[in-house]
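Student: The following file, structure-v6.cif, comprises mmCIF, N, CA and C atoms:
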```cif
data_coords
loop_
_atom_site.label_atom_id
_atom_site.label_comp_id
_atom_site.auth_asym_id
_atom_site.auth_seq_id
_atom_site.Cartn_x
_atom_site.Cartn_y
_atom_site.Cartn_z
N MET Q 191 -8.71 -22.84 -17.25
CA MET Q 191 -8.28 -21.55 -16.76
C MET Q 191 -9.05 -21.23 -15.48
N ILE Q 192 -8.41 -20.51 -14.60
CA ILE Q 192 -8.96 -20.29 -13.28
C ILE Q 192 -9.83 -19.03 -13.23
N TYR Q 193 -9.30 -17.92 -13.64
CA TYR Q 193 -9.98 -16.63 -13.54
C TYR Q 193 -10.37 -16.11 -14.92
N LEU Q 194 -9.44 -16.16 -15.83
CA LEU Q 194 -9.69 -15.67 -17.19
C LEU Q 194 -10.47 -16.70 -17.99
N GLN Q 195 -11.14 -16.20 -19.00
CA GLN Q 195 -11.81 -17.07 -19.96
C GLN Q 195 -11.11 -16.89 -21.30
N ASP Q 196 -11.35 -17.82 -22.22
CA ASP Q 196 -10.71 -17.72 -23.53
C ASP Q 196 -11.05 -16.41 -24.23
N LYS Q 197 -12.27 -15.94 -24.04
CA LYS Q 197 -12.67 -14.69 -24.71
C LYS Q 197 -11.88 -13.50 -24.17
N ASP Q 198 -11.44 -13.56 -22.90
CA ASP Q 198 -10.63 -12.47 -22.34
C ASP Q 198 -9.27 -12.40 -23.02
N LEU Q 199 -8.64 -13.55 -23.18
CA LEU Q 199 -7.33 -13.58 -23.86
C LEU Q 199 -7.48 -13.22 -25.34
N ASN Q 200 -8.55 -13.70 -25.97
CA ASN Q 200 -8.76 -13.41 -27.39
C ASN Q 200 -9.05 -11.94 -27.64
N ALA Q 201 -9.53 -11.24 -26.63
CA ALA Q 201 -9.81 -9.81 -26.79
C ALA Q 201 -8.52 -9.01 -26.97
N TYR Q 202 -7.41 -9.50 -26.41
CA TYR Q 202 -6.15 -8.76 -26.47
C TYR Q 202 -5.10 -9.42 -27.34
N THR Q 203 -5.36 -10.66 -27.77
CA THR Q 203 -4.38 -11.41 -28.56
C THR Q 203 -5.11 -12.22 -29.62
N GLN Q 204 -4.50 -12.36 -30.78
CA GLN Q 204 -5.10 -13.19 -31.82
C GLN Q 204 -5.14 -14.64 -31.36
N GLU Q 205 -6.26 -15.29 -31.65
CA GLU Q 205 -6.43 -16.68 -31.22
C GLU Q 205 -5.38 -17.60 -31.86
N ARG Q 206 -5.06 -17.34 -33.11
CA ARG Q 206 -4.06 -18.16 -33.80
C ARG Q 206 -2.71 -18.08 -33.10
N LEU Q 207 -2.32 -16.88 -32.70
CA LEU Q 207 -1.04 -16.70 -32.00
C LEU Q 207 -1.05 -17.41 -30.65
N LEU Q 208 -2.17 -17.34 -29.94
CA LEU Q 208 -2.28 -18.05 -28.66
C LEU Q 208 -2.15 -19.55 -28.86
N ASN Q 209 -2.82 -20.07 -29.86
CA ASN Q 209 -2.80 -21.51 -30.12
C ASN Q 209 -1.41 -21.98 -30.53
N GLU Q 210 -0.73 -21.22 -31.40
CA GLU Q 210 0.61 -21.60 -31.83
C GLU Q 210 1.61 -21.57 -30.68
N SER Q 211 1.42 -20.62 -29.77
CA SER Q 211 2.38 -20.47 -28.67
C SER Q 211 2.19 -21.52 -27.59
N THR Q 212 1.02 -22.13 -27.52
CA THR Q 212 0.77 -23.13 -26.48
C THR Q 212 0.59 -24.53 -27.05
N LYS Q 213 0.88 -24.71 -28.34
CA LYS Q 213 0.67 -26.00 -28.99
C LYS Q 213 1.54 -27.10 -28.38
N ASP Q 214 2.78 -26.78 -28.02
CA ASP Q 214 3.69 -27.81 -27.50
C ASP Q 214 3.40 -28.18 -26.05
N PHE Q 215 2.69 -27.33 -25.33
CA PHE Q 215 2.39 -27.58 -23.92
C PHE Q 215 1.00 -27.04 -23.64
N GLU Q 216 0.01 -27.90 -23.69
CA GLU Q 216 -1.39 -27.49 -23.60
C GLU Q 216 -1.74 -26.80 -22.28
N GLU Q 217 -1.07 -27.17 -21.21
CA GLU Q 217 -1.39 -26.60 -19.90
C GLU Q 217 -0.69 -25.26 -19.66
N ALA Q 218 -0.03 -24.74 -20.66
CA ALA Q 218 0.74 -23.51 -20.50
C ALA Q 218 -0.14 -22.34 -20.06
N ARG Q 219 -1.31 -22.22 -20.66
CA ARG Q 219 -2.21 -21.11 -20.28
C ARG Q 219 -2.54 -21.18 -18.80
N ASP Q 220 -2.90 -22.36 -18.32
CA ASP Q 220 -3.27 -22.50 -16.92
C ASP Q 220 -2.09 -22.23 -15.99
N GLU Q 221 -0.93 -22.74 -16.36
CA GLU Q 221 0.26 -22.53 -15.53
C GLU Q 221 0.64 -21.05 -15.47
N LEU Q 222 0.66 -20.40 -16.62
CA LEU Q 222 1.03 -18.99 -16.66
C LEU Q 222 0.00 -18.14 -15.92
N GLU Q 223 -1.27 -18.49 -16.06
CA GLU Q 223 -2.31 -17.74 -15.35
C GLU Q 223 -2.17 -17.93 -13.85
N THR Q 224 -1.87 -19.13 -13.40
CA THR Q 224 -1.69 -19.39 -11.97
C THR Q 224 -0.55 -18.56 -11.40
N HIS Q 225 0.54 -18.47 -12.13
CA HIS Q 225 1.70 -17.68 -11.68
C HIS Q 225 1.33 -16.20 -11.61
N ARG Q 226 0.65 -15.71 -12.62
CA ARG Q 226 0.28 -14.29 -12.63
C ARG Q 226 -0.78 -13.97 -11.57
N ILE Q 227 -1.68 -14.90 -11.31
CA ILE Q 227 -2.68 -14.67 -10.26
C ILE Q 227 -2.00 -14.55 -8.91
N SER Q 228 -1.02 -15.38 -8.65
CA SER Q 228 -0.31 -15.28 -7.37
C SER Q 228 0.41 -13.93 -7.25
N GLU Q 229 0.91 -13.44 -8.37
CA GLU Q 229 1.55 -12.12 -8.37
C GLU Q 229 0.53 -11.02 -8.09
N VAL Q 230 -0.62 -11.10 -8.73
CA VAL Q 230 -1.68 -10.11 -8.52
C VAL Q 230 -2.19 -10.18 -7.08
N LYS Q 231 -2.35 -11.38 -6.55
CA LYS Q 231 -2.80 -11.54 -5.17
C LYS Q 231 -1.86 -10.84 -4.20
N SER Q 232 -0.57 -11.04 -4.39
CA SER Q 232 0.39 -10.43 -3.47
C SER Q 232 0.40 -8.91 -3.59
N MET Q 233 0.12 -8.41 -4.77
CA MET Q 233 0.14 -6.96 -4.97
C MET Q 233 -1.11 -6.27 -4.42
N ILE Q 234 -2.27 -6.91 -4.49
CA ILE Q 234 -3.49 -6.22 -4.08
C ILE Q 234 -4.02 -6.70 -2.72
N SER Q 235 -3.32 -7.60 -2.07
CA SER Q 235 -3.81 -8.16 -0.81
C SER Q 235 -3.81 -7.15 0.34
N LYS Q 236 -3.15 -6.03 0.16
CA LYS Q 236 -3.09 -5.01 1.20
C LYS Q 236 -4.47 -4.38 1.42
N TYR Q 237 -5.25 -4.24 0.35
CA TYR Q 237 -6.54 -3.57 0.43
C TYR Q 237 -7.74 -4.46 0.15
N TYR Q 238 -7.53 -5.59 -0.53
CA TYR Q 238 -8.65 -6.40 -0.98
C TYR Q 238 -8.57 -7.82 -0.43
N ASN Q 239 -9.73 -8.44 -0.27
CA ASN Q 239 -9.81 -9.82 0.14
C ASN Q 239 -9.59 -10.70 -1.08
N VAL Q 240 -8.36 -11.08 -1.31
CA VAL Q 240 -8.00 -11.78 -2.55
C VAL Q 240 -8.56 -13.19 -2.61
N GLU Q 241 -8.76 -13.82 -1.47
CA GLU Q 241 -9.32 -15.17 -1.48
C GLU Q 241 -10.74 -15.17 -2.03
N SER Q 242 -11.54 -14.20 -1.64
CA SER Q 242 -12.91 -14.16 -2.16
C SER Q 242 -12.94 -13.70 -3.62
N ILE Q 243 -11.99 -12.88 -4.02
CA ILE Q 243 -11.96 -12.41 -5.41
C ILE Q 243 -11.62 -13.56 -6.35
N PHE Q 244 -10.64 -14.38 -6.00
CA PHE Q 244 -10.16 -15.40 -6.92
C PHE Q 244 -10.77 -16.78 -6.69
N SER Q 245 -11.36 -17.03 -5.54
CA SER Q 245 -11.96 -18.35 -5.33
C SER Q 245 -13.38 -18.41 -5.87
N THR Q 246 -14.12 -17.32 -5.81
CA THR Q 246 -15.53 -17.34 -6.24
C THR Q 246 -15.70 -17.46 -7.74
N PRO Q 247 -15.08 -16.92 -8.66
CA PRO Q 247 -14.31 -15.68 -8.72
C PRO Q 247 -15.21 -14.47 -8.98
N ILE Q 248 -14.75 -13.33 -8.52
CA ILE Q 248 -15.41 -12.05 -8.80
C ILE Q 248 -14.67 -11.45 -9.99
N ARG Q 249 -15.33 -11.45 -11.13
CA ARG Q 249 -14.68 -11.01 -12.37
C ARG Q 249 -14.78 -9.50 -12.50
N HIS Q 250 -13.74 -8.83 -12.10
CA HIS Q 250 -13.67 -7.37 -12.20
C HIS Q 250 -12.98 -6.99 -13.50
N PRO Q 251 -13.55 -6.04 -14.27
CA PRO Q 251 -12.98 -5.72 -15.58
C PRO Q 251 -11.53 -5.26 -15.54
N HIS Q 252 -11.15 -4.52 -14.52
CA HIS Q 252 -9.77 -4.02 -14.45
C HIS Q 252 -8.79 -5.16 -14.18
N ILE Q 253 -9.15 -6.06 -13.29
CA ILE Q 253 -8.28 -7.21 -13.01
C ILE Q 253 -8.21 -8.13 -14.21
N ILE Q 254 -9.34 -8.29 -14.91
CA ILE Q 254 -9.35 -9.12 -16.13
C ILE Q 254 -8.39 -8.54 -17.16
N LYS Q 255 -8.43 -7.23 -17.34
CA LYS Q 255 -7.57 -6.60 -18.33
C LYS Q 255 -6.10 -6.75 -17.94
N ILE Q 256 -5.79 -6.55 -16.68
CA ILE Q 256 -4.41 -6.68 -16.20
C ILE Q 256 -3.92 -8.11 -16.42
N LEU Q 257 -4.71 -9.08 -15.98
CA LEU Q 257 -4.30 -10.48 -16.11
C LEU Q 257 -4.21 -10.91 -17.57
N ALA Q 258 -5.15 -10.46 -18.40
CA ALA Q 258 -5.13 -10.85 -19.82
C ALA Q 258 -3.87 -10.32 -20.50
N LYS Q 259 -3.47 -9.10 -20.18
CA LYS Q 259 -2.26 -8.55 -20.80
C LYS Q 259 -1.00 -9.23 -20.28
N MET Q 260 -0.98 -9.57 -19.01
CA MET Q 260 0.19 -10.23 -18.45
C MET Q 260 0.32 -11.67 -18.96
N VAL Q 261 -0.77 -12.41 -18.93
CA VAL Q 261 -0.74 -13.80 -19.40
C VAL Q 261 -0.52 -13.82 -20.91
N GLY Q 262 -1.12 -12.89 -21.64
CA GLY Q 262 -0.90 -12.81 -23.08
C GLY Q 262 0.55 -12.57 -23.41
N TYR Q 263 1.20 -11.71 -22.65
CA TYR Q 263 2.64 -11.47 -22.85
C TYR Q 263 3.44 -12.75 -22.62
N ASP Q 264 3.13 -13.44 -21.53
CA ASP Q 264 3.87 -14.67 -21.21
C ASP Q 264 3.67 -15.74 -22.28
N ILE Q 265 2.45 -15.84 -22.78
CA ILE Q 265 2.17 -16.83 -23.83
C ILE Q 265 2.93 -16.48 -25.10
N LYS Q 266 2.88 -15.23 -25.49
CA LYS Q 266 3.58 -14.80 -26.71
C LYS Q 266 5.08 -14.98 -26.58
N LYS Q 267 5.59 -14.80 -25.40
CA LYS Q 267 7.03 -14.92 -25.18
C LYS Q 267 7.48 -16.38 -25.31
N ARG Q 268 6.58 -17.33 -25.10
CA ARG Q 268 6.91 -18.75 -25.22
C ARG Q 268 7.21 -19.14 -26.66
N ASN Q 269 6.65 -18.43 -27.61
CA ASN Q 269 6.81 -18.77 -29.01
C ASN Q 269 8.19 -18.30 -29.47
N ALA Q 270 9.08 -19.23 -29.64
CA ALA Q 270 10.47 -18.89 -29.96
C ALA Q 270 10.63 -18.37 -31.38
N THR Q 271 9.70 -18.67 -32.26
CA THR Q 271 9.85 -18.24 -33.64
C THR Q 271 9.42 -16.80 -33.86
N ARG Q 272 8.75 -16.22 -32.90
CA ARG Q 272 8.30 -14.84 -33.04
C ARG Q 272 8.99 -13.94 -32.03
N LYS Q 273 9.26 -12.73 -32.45
CA LYS Q 273 9.81 -11.74 -31.55
C LYS Q 273 8.62 -11.02 -30.90
N VAL Q 274 8.72 -10.76 -29.61
CA VAL Q 274 7.64 -10.07 -28.92
C VAL Q 274 7.66 -8.61 -29.34
N PRO Q 275 6.55 -8.12 -29.92
CA PRO Q 275 6.52 -6.73 -30.39
C PRO Q 275 6.58 -5.72 -29.24
N ASP Q 276 6.96 -4.50 -29.57
CA ASP Q 276 7.07 -3.45 -28.56
C ASP Q 276 5.73 -3.12 -27.92
N ASP Q 277 4.64 -3.17 -28.70
CA ASP Q 277 3.34 -2.84 -28.12
C ASP Q 277 2.91 -3.86 -27.08
N VAL Q 278 3.35 -5.10 -27.23
CA VAL Q 278 3.04 -6.13 -26.23
C VAL Q 278 3.84 -5.86 -24.96
N LYS Q 279 5.08 -5.42 -25.11
CA LYS Q 279 5.89 -5.06 -23.95
C LYS Q 279 5.30 -3.85 -23.24
N GLU Q 280 4.75 -2.92 -24.01
CA GLU Q 280 4.09 -1.75 -23.43
C GLU Q 280 2.83 -2.16 -22.66
N ASP Q 281 2.11 -3.16 -23.18
CA ASP Q 281 0.95 -3.67 -22.46
C ASP Q 281 1.35 -4.26 -21.11
N LEU Q 282 2.45 -5.00 -21.09
CA LEU Q 282 2.93 -5.57 -19.83
C LEU Q 282 3.35 -4.46 -18.87
N THR Q 283 4.01 -3.45 -19.37
CA THR Q 283 4.42 -2.32 -18.53
C THR Q 283 3.20 -1.62 -17.96
N TRP Q 284 2.16 -1.43 -18.79
CA TRP Q 284 0.92 -0.81 -18.32
C TRP Q 284 0.30 -1.65 -17.21
N ALA Q 285 0.22 -2.95 -17.41
CA ALA Q 285 -0.39 -3.84 -16.41
C ALA Q 285 0.38 -3.79 -15.09
N GLU Q 286 1.70 -3.78 -15.18
CA GLU Q 286 2.51 -3.72 -13.96
C GLU Q 286 2.35 -2.39 -13.25
N ARG Q 287 2.22 -1.30 -14.00
CA ARG Q 287 1.98 0.02 -13.39
C ARG Q 287 0.63 0.07 -12.70
N GLU Q 288 -0.38 -0.52 -13.34
CA GLU Q 288 -1.72 -0.54 -12.73
C GLU Q 288 -1.71 -1.36 -11.44
N LEU Q 289 -1.02 -2.47 -11.45
CA LEU Q 289 -0.90 -3.27 -10.23
C LEU Q 289 -0.19 -2.49 -9.12
N ASP Q 290 0.83 -1.76 -9.49
CA ASP Q 290 1.55 -0.95 -8.51
C ASP Q 290 0.64 0.13 -7.94
N LYS Q 291 -0.18 0.73 -8.77
CA LYS Q 291 -1.13 1.74 -8.29
C LYS Q 291 -2.14 1.13 -7.33
N MET Q 292 -2.60 -0.07 -7.63
CA MET Q 292 -3.53 -0.76 -6.73
C MET Q 292 -2.82 -1.13 -5.42
N HIS Q 293 -1.57 -1.51 -5.51
CA HIS Q 293 -0.79 -1.89 -4.33
C HIS Q 293 -0.57 -0.69 -3.40
N ARG Q 294 -0.32 0.46 -3.98
CA ARG Q 294 -0.06 1.66 -3.18
C ARG Q 294 -1.33 2.38 -2.76
N GLY Q 295 -2.49 1.93 -3.26
CA GLY Q 295 -3.76 2.54 -2.87
C GLY Q 295 -4.14 3.75 -3.68
N ILE Q 296 -3.46 3.99 -4.78
CA ILE Q 296 -3.79 5.11 -5.65
C ILE Q 296 -5.10 4.84 -6.36
N ILE Q 297 -5.28 3.60 -6.80
CA ILE Q 297 -6.54 3.18 -7.43
C ILE Q 297 -7.24 2.26 -6.44
N LYS Q 298 -8.48 2.60 -6.10
CA LYS Q 298 -9.28 1.75 -5.22
C LYS Q 298 -10.64 1.52 -5.87
N PHE Q 299 -11.12 0.29 -5.75
CA PHE Q 299 -12.39 -0.08 -6.33
C PHE Q 299 -13.36 -0.45 -5.22
N ASP Q 300 -14.50 0.22 -5.19
CA ASP Q 300 -15.49 -0.05 -4.16
C ASP Q 300 -16.26 -1.34 -4.42
N ASP Q 301 -16.26 -1.82 -5.66
CA ASP Q 301 -17.01 -3.02 -5.98
C ASP Q 301 -16.21 -4.30 -5.76
N LEU Q 302 -14.99 -4.20 -5.26
CA LEU Q 302 -14.21 -5.37 -4.87
C LEU Q 302 -14.27 -5.51 -3.36
N PRO Q 303 -14.32 -6.74 -2.84
CA PRO Q 303 -14.41 -6.92 -1.39
C PRO Q 303 -13.15 -6.44 -0.68
N ALA Q 304 -13.37 -5.59 0.31
CA ALA Q 304 -12.24 -5.03 1.05
C ALA Q 304 -11.67 -6.06 2.01
N LYS Q 305 -10.40 -5.89 2.34
CA LYS Q 305 -9.74 -6.77 3.28
C LYS Q 305 -10.31 -6.51 4.67
N VAL Q 306 -10.62 -7.56 5.38
CA VAL Q 306 -11.17 -7.44 6.72
C VAL Q 306 -10.00 -7.35 7.69
N ASN Q 307 -9.99 -6.29 8.50
CA ASN Q 307 -8.92 -6.12 9.47
C ASN Q 307 -9.19 -6.99 10.69
N ASP Q 308 -8.17 -7.64 11.17
CA ASP Q 308 -8.28 -8.51 12.34
C ASP Q 308 -8.17 -7.67 13.60
N PRO Q 309 -9.22 -7.65 14.44
CA PRO Q 309 -9.18 -6.81 15.64
C PRO Q 309 -8.16 -7.31 16.68
N THR Q 310 -7.76 -8.59 16.59
CA THR Q 310 -6.78 -9.12 17.55
C THR Q 310 -5.35 -8.85 17.12
N SER Q 311 -5.20 -8.25 15.94
CA SER Q 311 -3.86 -7.96 15.43
C SER Q 311 -3.21 -6.88 16.30
N PRO Q 312 -1.93 -7.03 16.61
CA PRO Q 312 -1.28 -6.05 17.48
C PRO Q 312 -1.05 -4.70 16.82
N GLY Q 313 -1.26 -4.57 15.54
CA GLY Q 313 -1.08 -3.29 14.87
C GLY Q 313 -0.15 -3.40 13.69
N THR Q 314 -0.05 -2.34 12.96
CA THR Q 314 0.82 -2.32 11.80
C THR Q 314 2.21 -1.87 12.19
N ALA Q 315 3.10 -1.96 11.26
CA ALA Q 315 4.48 -1.53 11.52
C ALA Q 315 4.53 -0.03 11.80
N ALA Q 316 3.63 0.72 11.16
CA ALA Q 316 3.63 2.17 11.37
C ALA Q 316 3.22 2.52 12.79
N SER Q 317 2.30 1.74 13.39
CA SER Q 317 1.87 2.05 14.75
C SER Q 317 2.91 1.64 15.78
N LYS Q 318 3.86 0.79 15.39
CA LYS Q 318 4.90 0.35 16.31
C LYS Q 318 6.15 1.23 16.22
N MET Q 319 6.10 2.25 15.40
CA MET Q 319 7.27 3.09 15.20
C MET Q 319 7.64 3.82 16.49
N LEU Q 320 8.91 3.90 16.77
CA LEU Q 320 9.39 4.61 17.95
C LEU Q 320 9.61 6.07 17.60
N TYR Q 321 9.26 6.92 18.54
CA TYR Q 321 9.45 8.35 18.36
C TYR Q 321 10.47 8.83 19.37
N GLY Q 322 11.23 9.81 19.02
CA GLY Q 322 12.23 10.33 19.94
C GLY Q 322 12.37 11.83 19.81
N ASN Q 323 13.13 12.41 20.68
CA ASN Q 323 13.39 13.83 20.69
C ASN Q 323 14.56 14.08 19.75
N LEU Q 324 14.29 14.72 18.65
CA LEU Q 324 15.34 14.96 17.66
C LEU Q 324 16.22 16.15 18.04
N LYS Q 325 15.82 16.90 19.08
CA LYS Q 325 16.64 18.01 19.51
C LYS Q 325 17.79 17.55 20.40
N ASN Q 326 17.71 16.33 20.87
CA ASN Q 326 18.78 15.78 21.71
C ASN Q 326 19.99 15.58 20.83
N GLU Q 327 21.09 16.14 21.21
CA GLU Q 327 22.29 16.06 20.40
C GLU Q 327 22.84 14.65 20.28
N ASN Q 328 22.57 13.80 21.24
CA ASN Q 328 23.05 12.43 21.22
C ASN Q 328 22.03 11.47 20.59
N PHE Q 329 20.90 11.96 20.21
CA PHE Q 329 19.83 11.21 19.57
C PHE Q 329 19.38 10.01 20.41
N TYR Q 330 19.32 10.21 21.75
CA TYR Q 330 18.78 9.16 22.61
C TYR Q 330 17.27 9.19 22.54
N ILE Q 331 16.69 8.01 22.66
CA ILE Q 331 15.22 7.94 22.65
C ILE Q 331 14.72 7.91 24.07
#
```
Could you rewrite the structure in this file as structure tokens?

Tutor:
Amino acid sequence: MIYLQDKDLNAYTQERLLNESTKDFEEARDELETHRISEVKSMISKYYNVESIFSTPIRHPHIIKILAKMVGYDIKKRNATRKVPDDVKEDLTWAERELDKMHRGIIKFDDLPAKVNDPTSPGTAASKMLYGNLKNENFYI
């Protein structure tokens, strides 16, 4: 596993259920975690330096909880003999909402490395916005 440890997954899911769901494909945990990490990276890259968070790794409790719930859901969903319970679906919904809050900047963590702005960058899309005179009846800029 790349970022999560077995104890992180076991904190939110029974070990027996994890083992039964990944018995047919041992690398399933790693593959599912890799996919979810790429999703988390894309969602939080606006404010945080994701390369330093996931390459070192910097184990932040909130990111661990989000990833553990998302990967746990994916692992449980692999088990065809069991139906995914509603509380597990609620955990996934919670994790996705938290990621969205981090993406929009509603939740910010000072203990995570901030994204370094490139001074040679021409600017953001907001700074390139065109302004015009809205009183002009023809709406010419």

Student: Measuring atom to atom with only C-alpha atoms, identify which of Q:Lys279, Q:His250, Q:Lys266, Q:Lys291 is nearest to Glu205 in chain Q.

Tutor: Q:Lys266

Student: What is the distance, in Å and to one decimal place, between atom N of Ser242 in chain Q and CA of Ser228 in chain Q?

Tutor: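 Spanning atom N of Ser242 in chain Q to CA of Ser228 in chain Q is a straight-line distance of 12.7 Å.
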
Student: Run the PyMOL selection byres (((chain Q and resi 251 and name CA) around 12) and name CA) on the file and write out the hits as an mmCIF file with N, CA and C atoms, in the frame of the given file.

Tutor:
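Written output follows (out-v3.cif):
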```cif
data_model
loop_
_atom_site.group_PDB
_atom_site.id
_atom_site.type_symbol
_atom_site.label_atom_id
_atom_site.label_comp_id
_atom_site.auth_asym_id
_atom_site.auth_seq_id
_atom_site.Cartn_x
_atom_site.Cartn_y
_atom_site.Cartn_z
ATOM 1 N N TYR Q 193 -9.300 -17.920 -13.640
ATOM 2 C CA TYR Q 193 -9.980 -16.630 -13.540
ATOM 3 C C TYR Q 193 -10.370 -16.110 -14.920
ATOM 4 N N LEU Q 194 -9.440 -16.160 -15.830
ATOM 5 C CA LEU Q 194 -9.690 -15.670 -17.190
ATOM 6 C C LEU Q 194 -10.470 -16.700 -17.990
ATOM 7 N N ASP Q 198 -11.440 -13.560 -22.900
ATOM 8 C CA ASP Q 198 -10.630 -12.470 -22.340
ATOM 9 C C ASP Q 198 -9.270 -12.400 -23.020
ATOM 10 N N ILE Q 248 -14.750 -13.330 -8.520
ATOM 11 C CA ILE Q 248 -15.410 -12.050 -8.800
ATOM 12 C C ILE Q 248 -14.670 -11.450 -9.990
ATOM 13 N N ARG Q 249 -15.330 -11.450 -11.130
ATOM 14 C CA ARG Q 249 -14.680 -11.010 -12.370
ATOM 15 C C ARG Q 249 -14.780 -9.500 -12.500
ATOM 16 N N HIS Q 250 -13.740 -8.830 -12.100
ATOM 17 C CA HIS Q 250 -13.670 -7.370 -12.200
ATOM 18 C C HIS Q 250 -12.980 -6.990 -13.500
ATOM 19 N N HIS Q 252 -11.150 -4.520 -14.520
ATOM 20 C CA HIS Q 252 -9.770 -4.020 -14.450
ATOM 21 C C HIS Q 252 -8.790 -5.160 -14.180
ATOM 22 N N ILE Q 253 -9.150 -6.060 -13.290
ATOM 23 C CA ILE Q 253 -8.280 -7.210 -13.010
ATOM 24 C C ILE Q 253 -8.210 -8.130 -14.210
ATOM 25 N N ILE Q 254 -9.340 -8.290 -14.910
ATOM 26 C CA ILE Q 254 -9.350 -9.120 -16.130
ATOM 27 C C ILE Q 254 -8.390 -8.540 -17.160
ATOM 28 N N LYS Q 255 -8.430 -7.230 -17.340
ATOM 29 C CA LYS Q 255 -7.570 -6.600 -18.330
ATOM 30 C C LYS Q 255 -6.100 -6.750 -17.940
ATOM 31 N N ILE Q 256 -5.790 -6.550 -16.680
ATOM 32 C CA ILE Q 256 -4.410 -6.680 -16.200
ATOM 33 C C ILE Q 256 -3.920 -8.110 -16.420
ATOM 34 N N LEU Q 257 -4.710 -9.080 -15.980
ATOM 35 C CA LEU Q 257 -4.300 -10.480 -16.110
ATOM 36 C C LEU Q 257 -4.210 -10.910 -17.570
ATOM 37 N N ALA Q 258 -5.150 -10.460 -18.400
ATOM 38 C CA ALA Q 258 -5.130 -10.850 -19.820
ATOM 39 C C ALA Q 258 -3.870 -10.320 -20.500
ATOM 40 N N PHE Q 299 -11.120 0.290 -5.750
ATOM 41 C CA PHE Q 299 -12.390 -0.080 -6.330
ATOM 42 C C PHE Q 299 -13.360 -0.450 -5.220
ATOM 43 N N ASP Q 301 -16.260 -1.820 -5.660
ATOM 44 C CA ASP Q 301 -17.010 -3.020 -5.980
ATOM 45 C C ASP Q 301 -16.210 -4.300 -5.760
ATOM 46 N N LEU Q 302 -14.990 -4.200 -5.260
ATOM 47 C CA LEU Q 302 -14.210 -5.370 -4.870
ATOM 48 C C LEU Q 302 -14.270 -5.510 -3.360
#
```

Student: Just want the 8 Å neighbourhood of Gly262 in chain Q, counted on all atoms listed in the file, with same-chain residues fewer than 3 positions away dropped. Output as an mmCIF file with N, CA and C atoms, in the coordinates of the input.

Tutor:
```cif
data_model
loop_
_atom_site.group_PDB
_atom_site.id
_atom_site.type_symbol
_atom_site.label_atom_id
_atom_site.label_comp_id
_atom_site.auth_asym_id
_atom_site.auth_seq_id
_atom_site.Cartn_x
_atom_site.Cartn_y
_atom_site.Cartn_z
ATOM 1 N N LEU Q 199 -8.640 -13.550 -23.180
ATOM 2 C CA LEU Q 199 -7.330 -13.580 -23.860
ATOM 3 C C LEU Q 199 -7.480 -13.220 -25.340
ATOM 4 N N TYR Q 202 -7.410 -9.500 -26.410
ATOM 5 C CA TYR Q 202 -6.150 -8.760 -26.470
ATOM 6 C C TYR Q 202 -5.100 -9.420 -27.340
ATOM 7 N N THR Q 203 -5.360 -10.660 -27.770
ATOM 8 C CA THR Q 203 -4.380 -11.410 -28.560
ATOM 9 C C THR Q 203 -5.110 -12.220 -29.620
ATOM 10 N N LEU Q 208 -2.170 -17.340 -29.940
ATOM 11 C CA LEU Q 208 -2.280 -18.050 -28.660
ATOM 12 C C LEU Q 208 -2.150 -19.550 -28.860
ATOM 13 N N LEU Q 222 0.660 -20.400 -16.620
ATOM 14 C CA LEU Q 222 1.030 -18.990 -16.660
ATOM 15 C C LEU Q 222 0.000 -18.140 -15.920
ATOM 16 N N GLU Q 223 -1.270 -18.490 -16.060
ATOM 17 C CA GLU Q 223 -2.310 -17.740 -15.350
ATOM 18 C C GLU Q 223 -2.170 -17.930 -13.850
ATOM 19 N N ILE Q 256 -5.790 -6.550 -16.680
ATOM 20 C CA ILE Q 256 -4.410 -6.680 -16.200
ATOM 21 C C ILE Q 256 -3.920 -8.110 -16.420
ATOM 22 N N LEU Q 257 -4.710 -9.080 -15.980
ATOM 23 C CA LEU Q 257 -4.300 -10.480 -16.110
ATOM 24 C C LEU Q 257 -4.210 -10.910 -17.570
ATOM 25 N N ALA Q 258 -5.150 -10.460 -18.400
ATOM 26 C CA ALA Q 258 -5.130 -10.850 -19.820
ATOM 27 C C ALA Q 258 -3.870 -10.320 -20.500
ATOM 28 N N LYS Q 259 -3.470 -9.100 -20.180
ATOM 29 C CA LYS Q 259 -2.260 -8.550 -20.800
ATOM 30 C C LYS Q 259 -1.000 -9.230 -20.280
ATOM 31 N N ILE Q 265 2.450 -15.840 -22.780
ATOM 32 C CA ILE Q 265 2.170 -16.830 -23.830
ATOM 33 C C ILE Q 265 2.930 -16.480 -25.100
ATOM 34 N N LYS Q 266 2.880 -15.230 -25.490
ATOM 35 C CA LYS Q 266 3.580 -14.800 -26.710
ATOM 36 C C LYS Q 266 5.080 -14.980 -26.580
ATOM 37 N N LYS Q 267 5.590 -14.800 -25.400
ATOM 38 C CA LYS Q 267 7.030 -14.920 -25.180
ATOM 39 C C LYS Q 267 7.480 -16.380 -25.310
ATOM 40 N N ARG Q 268 6.580 -17.330 -25.100
ATOM 41 C CA ARG Q 268 6.910 -18.750 -25.220
ATOM 42 C C ARG Q 268 7.210 -19.140 -26.660
ATOM 43 N N VAL Q 278 3.350 -5.100 -27.230
ATOM 44 C CA VAL Q 278 3.040 -6.130 -26.230
ATOM 45 C C VAL Q 278 3.840 -5.860 -24.960
#
```

Student: Would you please extract all helix (DSSP H, G or I) residues from range 202-308 of chain Q, as assigned by DSSP on the backbone, and give them as a PyMOL selection string?

Tutor: chain Q and resi 202+205-211+218-234+240-245+251-268+276-294

Student: For Leu282 in chain Q, which residue among Q:Thr212, Q:Asp196, Q:Ile243, Q:Val261 is the nearest when counting all atoms listed in the file?

Tutor: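 Under the stated criterion, the closest residue is Q:Val261.
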
Student: What box, with edges along x, y and z, holds each listed atom of range 245-250 of chain Q when 3 Å is added on every side, and can you state its centre and edge lengths in Å to one decimal, as JSON?

Tutor:
```
{"center_x": -13.5, "center_y": -12.7, "center_z": -9.4, "size_x": 10.3, "size_y": 17.4, "size_z": 14.2}
```
